Amino acid sequence: IDRLHEELTTVLTPYSTSDSSSSDQSSPEDQSSIITQLMRGSFLSEIICQSCNHKSVTEESFNQMMLDFPPQFRSQAHTRTRNRPTDRVSLEDCLELLFKREDLGKVYKCQQCDKVRHCQKQIRISRLPRILIVVLKRFTWVNTSTKIQSLVKFPLSLDLKKYLVGESPHHSQQQGGGGGQPNTKNMIYSLTSVVVHDGLRPHSGHYRTYCKNEKDSTWIHFNDSRVDTVSYDEVKDSEAYVLFYTTNNNDITNNDINTNTNTNTSTNTNTNNINNNK
């Protein structure tokens, strides 16, 4: 996704010539394309000092949301077996891992205390994309790469409202809440595509795709040159690797969620590539 964005911005808005001023030049990450317009969202990451409650805030953009599996499923990946584990993990469990408040210990120097303090980290969503790409991080490394083969229970409709800035029980509207913003009212996404990886290694195997026909809500399986209509039961029982969710809520791409805070904020563009996060 990131490589496609870079190629689009290079072709559509090429870099300035050498005789142009350096102020006119910008990198692909700073430019807009159909990729960023449809697929780019933002996280707001807070480091909270447990002594004075000072918050250091960083905003990071994403083109795909990378989700880890719970620890028990990652450990199963390194158990030698030819059979797929029978227990399933839910997509909500994976989302909770990403957005839960994390205890970092005494590793952070608070800017206000000017001392190393015990701190916690909290991630929330500050901007949602029109098309949400969810990548399930099935590949782990312990001496060698191993694939998590557990099935994931993913919903047809996905509501992300509780993960927005201002919706956390640790947030209030005065701390950067999204209350009152148009795009906090309807955060429902619909599942439109599921990408499956067959194989046990990240750089080999076979990819297949299930796509929803919006005209009649049927599901179509694309497997190389073969195209078949299938039931949703086959889709939900597949070993999903990448999930595509879309929304018709125009407010999501027209307005950022209100993230005004009294803390220092910096911005960082996170251009993670799927292959680098397997």
# chains A, B, ... in the order shown; residues from 1 in each chain; ligands from 1

call {"tool": "residues_around", "arguments": {"residues": "stretch 65-71 of chain A", "least_positions_apart": "2", "cutoff": "6 Å", "atoms": "only C-alpha atoms", "output": "PyMOL selection string"}}
result
chain A and resi 73-74+94+134-137

call {"tool": "residues_around", "arguments": {"residues": "A:Leu191", "least_positions_apart": "3", "cutoff": "8 Å", "atoms": "only C-alpha atoms", "output": "number ranges by chain"}}
result
A: 155-158, 212, 243-246

call {"tool": "residues_around", "arguments": {"residues": "A:Asp228", "least_positions_apart": "4", "cutoff": "10 Å", "atoms": "only C-alpha atoms", "output": "PyMOL selection string"}}
result
chain A and resi 210+219-223

call {"tool": "closest_residue", "arguments": {"among": "A:Glu214, A:Asp93, A:Glu60, A:Asp233", "to": "A:Phe43", "atoms": "only C-alpha atoms"}}
result
A:Glu60

call {"tool": "decode", "arguments": {"residues": "stretch 46-62 of chain A", "atoms": "all heavy atoms", "output": "PDB file, in the first residue's frame"}}
result
ATOM      1  N   GLU A  46      -0.399   8.443  23.671  1.00  0.00           N
ATOM      2  CA  GLU A  46      -0.112   9.238  24.862  1.00  0.00           C
ATOM      3  C   GLU A  46       0.804   8.463  25.804  1.00  0.00           C
ATOM      4  O   GLU A  46       0.550   7.294  26.098  1.00  0.00           O
ATOM      5  CB  GLU A  46      -1.394   9.583  25.622  1.00  0.00           C
ATOM      6  CG  GLU A  46      -2.306  10.553  24.926  1.00  0.00           C
ATOM      7  CD  GLU A  46      -3.520  10.889  25.766  1.00  0.00           C
ATOM      8  OE1 GLU A  46      -3.872  10.081  26.663  1.00  0.00           O
ATOM      9  OE2 GLU A  46      -4.120  11.949  25.537  1.00  0.00           O
ATOM     10  N   ILE A  47       1.863   9.117  26.277  1.00  0.00           N
ATOM     11  CA  ILE A  47       2.681   8.608  27.375  1.00  0.00           C
ATOM     12  C   ILE A  47       2.287   9.417  28.611  1.00  0.00           C
ATOM     13  O   ILE A  47       2.452  10.635  28.633  1.00  0.00           O
ATOM     14  CB  ILE A  47       4.183   8.760  27.084  1.00  0.00           C
ATOM     15  CG1 ILE A  47       4.563   8.069  25.770  1.00  0.00           C
ATOM     16  CG2 ILE A  47       4.996   8.205  28.254  1.00  0.00           C
ATOM     17  CD1 ILE A  47       4.400   6.573  25.794  1.00  0.00           C
ATOM     18  N   ILE A  48       1.743   8.726  29.617  1.00  0.00           N
ATOM     19  CA  ILE A  48       1.186   9.417  30.786  1.00  0.00           C
ATOM     20  C   ILE A  48       2.066   9.182  32.008  1.00  0.00           C
ATOM     21  O   ILE A  48       2.292   8.039  32.415  1.00  0.00           O
ATOM     22  CB  ILE A  48      -0.250   8.939  31.096  1.00  0.00           C
ATOM     23  CG1 ILE A  48      -1.132   9.040  29.856  1.00  0.00           C
ATOM     24  CG2 ILE A  48      -0.851   9.727  32.245  1.00  0.00           C
ATOM     25  CD1 ILE A  48      -1.400   7.715  29.185  1.00  0.00           C
ATOM     26  N   CYS A  49       2.559  10.264  32.568  1.00  0.00           N
ATOM     27  CA  CYS A  49       3.344  10.186  33.801  1.00  0.00           C
ATOM     28  C   CYS A  49       2.405   9.851  34.952  1.00  0.00           C
ATOM     29  O   CYS A  49       1.377  10.513  35.152  1.00  0.00           O
ATOM     30  CB  CYS A  49       4.057  11.515  34.047  1.00  0.00           C
ATOM     31  SG  CYS A  49       4.938  11.582  35.638  1.00  0.00           S
ATOM     32  N   GLN A  50       2.756   8.838  35.749  1.00  0.00           N
ATOM     33  CA  GLN A  50       1.909   8.413  36.859  1.00  0.00           C
ATOM     34  C   GLN A  50       2.124   9.256  38.117  1.00  0.00           C
ATOM     35  O   GLN A  50       1.396   9.085  39.097  1.00  0.00           O
ATOM     36  CB  GLN A  50       2.156   6.938  37.169  1.00  0.00           C
ATOM     37  CG  GLN A  50       1.808   6.007  36.025  1.00  0.00           C
ATOM     38  CD  GLN A  50       0.359   6.133  35.597  1.00  0.00           C
ATOM     39  OE1 GLN A  50      -0.554   5.697  36.297  1.00  0.00           O
ATOM     40  NE2 GLN A  50       0.129   6.753  34.441  1.00  0.00           N
ATOM     41  N   SER A  51       3.096  10.187  38.077  1.00  0.00           N
ATOM     42  CA  SER A  51       3.339  11.061  39.220  1.00  0.00           C
ATOM     43  C   SER A  51       2.580  12.376  39.102  1.00  0.00           C
ATOM     44  O   SER A  51       1.960  12.836  40.063  1.00  0.00           O
ATOM     45  CB  SER A  51       4.840  11.340  39.368  1.00  0.00           C
ATOM     46  OG  SER A  51       5.544  10.150  39.651  1.00  0.00           O
ATOM     47  N   CYS A  52       2.622  12.985  37.901  1.00  0.00           N
ATOM     48  CA  CYS A  52       1.986  14.301  37.728  1.00  0.00           C
ATOM     49  C   CYS A  52       0.883  14.297  36.681  1.00  0.00           C
ATOM     50  O   CYS A  52       0.241  15.316  36.453  1.00  0.00           O
ATOM     51  CB  CYS A  52       3.029  15.349  37.363  1.00  0.00           C
ATOM     52  SG  CYS A  52       3.724  15.133  35.692  1.00  0.00           S
ATOM     53  N   ASN A  53       0.686  13.126  36.010  1.00  0.00           N
ATOM     54  CA  ASN A  53      -0.354  12.965  34.985  1.00  0.00           C
ATOM     55  C   ASN A  53      -0.065  13.772  33.718  1.00  0.00           C
ATOM     56  O   ASN A  53      -0.969  13.988  32.906  1.00  0.00           O
ATOM     57  CB  ASN A  53      -1.742  13.331  35.523  1.00  0.00           C
ATOM     58  CG  ASN A  53      -2.844  12.582  34.784  1.00  0.00           C
ATOM     59  OD1 ASN A  53      -2.682  11.417  34.424  1.00  0.00           O
ATOM     60  ND2 ASN A  53      -3.958  13.247  34.542  1.00  0.00           N
ATOM     61  N   HIS A  54       1.183  14.222  33.561  1.00  0.00           N
ATOM     62  CA  HIS A  54       1.546  14.917  32.327  1.00  0.00           C
ATOM     63  C   HIS A  54       1.491  13.951  31.153  1.00  0.00           C
ATOM     64  O   HIS A  54       1.876  12.787  31.269  1.00  0.00           O
ATOM     65  CB  HIS A  54       2.957  15.496  32.436  1.00  0.00           C
ATOM     66  CG  HIS A  54       3.467  16.093  31.161  1.00  0.00           C
ATOM     67  ND1 HIS A  54       3.064  17.334  30.696  1.00  0.00           N
ATOM     68  CD2 HIS A  54       4.350  15.613  30.239  1.00  0.00           C
ATOM     69  CE1 HIS A  54       3.672  17.592  29.547  1.00  0.00           C
ATOM     70  NE2 HIS A  54       4.454  16.565  29.257  1.00  0.00           N
ATOM     71  N   LYS A  55       1.004  14.418  30.009  1.00  0.00           N
ATOM     72  CA  LYS A  55       0.863  13.583  28.820  1.00  0.00           C
ATOM     73  C   LYS A  55       1.753  14.094  27.701  1.00  0.00           C
ATOM     74  O   LYS A  55       1.720  15.271  27.352  1.00  0.00           O
ATOM     75  CB  LYS A  55      -0.589  13.558  28.339  1.00  0.00           C
ATOM     76  CG  LYS A  55      -1.576  12.952  29.336  1.00  0.00           C
ATOM     77  CD  LYS A  55      -2.990  13.008  28.787  1.00  0.00           C
ATOM     78  CE  LYS A  55      -3.970  12.337  29.749  1.00  0.00           C
ATOM     79  NZ  LYS A  55      -4.065  13.085  31.029  1.00  0.00           N
ATOM     80  N   SER A  56       2.548  13.187  27.153  1.00  0.00           N
ATOM     81  CA  SER A  56       3.325  13.466  25.952  1.00  0.00           C
ATOM     82  C   SER A  56       2.605  12.794  24.783  1.00  0.00           C
ATOM     83  O   SER A  56       2.446  11.579  24.762  1.00  0.00           O
ATOM     84  CB  SER A  56       4.749  12.924  26.093  1.00  0.00           C
ATOM     85  OG  SER A  56       5.487  13.138  24.899  1.00  0.00           O
ATOM     86  N   VAL A  57       2.161  13.581  23.822  1.00  0.00           N
ATOM     87  CA  VAL A  57       1.257  13.095  22.770  1.00  0.00           C
ATOM     88  C   VAL A  57       1.962  13.080  21.422  1.00  0.00           C
ATOM     89  O   VAL A  57       2.636  14.039  21.044  1.00  0.00           O
ATOM     90  CB  VAL A  57      -0.004  13.983  22.684  1.00  0.00           C
ATOM     91  CG1 VAL A  57      -0.976  13.437  21.641  1.00  0.00           C
ATOM     92  CG2 VAL A  57      -0.683  14.066  24.038  1.00  0.00           C
ATOM     93  N   THR A  58       1.815  11.960  20.706  1.00  0.00           N
ATOM     94  CA  THR A  58       2.354  11.818  19.357  1.00  0.00           C
ATOM     95  C   THR A  58       1.258  11.289  18.444  1.00  0.00           C
ATOM     96  O   THR A  58       0.540  10.362  18.806  1.00  0.00           O
ATOM     97  CB  THR A  58       3.550  10.842  19.318  1.00  0.00           C
ATOM     98  OG1 THR A  58       4.559  11.291  20.212  1.00  0.00           O
ATOM     99  CG2 THR A  58       4.130  10.755  17.906  1.00  0.00           C
ATOM    100  N   GLU A  59       1.129  11.889  17.273  1.00  0.00           N
ATOM    101  CA  GLU A  59       0.161  11.413  16.300  1.00  0.00           C
ATOM    102  C   GLU A  59       0.904  10.681  15.183  1.00  0.00           C
ATOM    103  O   GLU A  59       1.879  11.192  14.641  1.00  0.00           O
ATOM    104  CB  GLU A  59      -0.665  12.562  15.720  1.00  0.00           C
ATOM    105  CG  GLU A  59      -1.833  12.072  14.856  1.00  0.00           C
ATOM    106  CD  GLU A  59      -2.821  13.174  14.514  1.00  0.00           C
ATOM    107  OE1 GLU A  59      -2.435  14.355  14.652  1.00  0.00           O
ATOM    108  OE2 GLU A  59      -3.953  12.858  14.109  1.00  0.00           O
ATOM    109  N   GLU A  60       0.431   9.472  14.865  1.00  0.00           N
ATOM    110  CA  GLU A  60       1.056   8.641  13.837  1.00  0.00           C
ATOM    111  C   GLU A  60       0.000   8.218  12.825  1.00  0.00           C
ATOM    112  O   GLU A  60      -1.073   7.739  13.199  1.00  0.00           O
ATOM    113  CB  GLU A  60       1.700   7.397  14.453  1.00  0.00           C
ATOM    114  CG  GLU A  60       2.797   7.687  15.461  1.00  0.00           C
ATOM    115  CD  GLU A  60       3.389   6.420  16.041  1.00  0.00           C
ATOM    116  OE1 GLU A  60       2.821   5.336  15.773  1.00  0.00           O
ATOM    117  OE2 GLU A  60       4.398   6.505  16.755  1.00  0.00           O
ATOM    118  N   SER A  61       0.297   8.377  11.558  1.00  0.00           N
ATOM    119  CA  SER A  61      -0.645   7.959  10.528  1.00  0.00           C
ATOM    120  C   SER A  61      -0.418   6.497  10.174  1.00  0.00           C
ATOM    121  O   SER A  61       0.662   5.946  10.389  1.00  0.00           O
ATOM    122  CB  SER A  61      -0.501   8.831   9.275  1.00  0.00           C
ATOM    123  OG  SER A  61       0.778   8.665   8.692  1.00  0.00           O
ATOM    124  N   PHE A  62      -1.455   5.839   9.659  1.00  0.00           N
ATOM    125  CA  PHE A  62      -1.346   4.445   9.242  1.00  0.00           C
ATOM    126  C   PHE A  62      -2.171   4.227   7.988  1.00  0.00           C
ATOM    127  O   PHE A  62      -3.207   4.861   7.783  1.00  0.00           O
ATOM    128  CB  PHE A  62      -1.814   3.499  10.355  1.00  0.00           C
ATOM    129  CG  PHE A  62      -3.275   3.617  10.708  1.00  0.00           C
ATOM    130  CD1 PHE A  62      -4.232   2.863  10.031  1.00  0.00           C
ATOM    131  CD2 PHE A  62      -3.699   4.471  11.717  1.00  0.00           C
ATOM    132  CE1 PHE A  62      -5.582   2.972  10.353  1.00  0.00           C
ATOM    133  CE2 PHE A  62      -5.045   4.581  12.043  1.00  0.00           C
ATOM    134  CZ  PHE A  62      -5.996   3.838  11.366  1.00  0.00           C
TER     135      PHE A  62
END
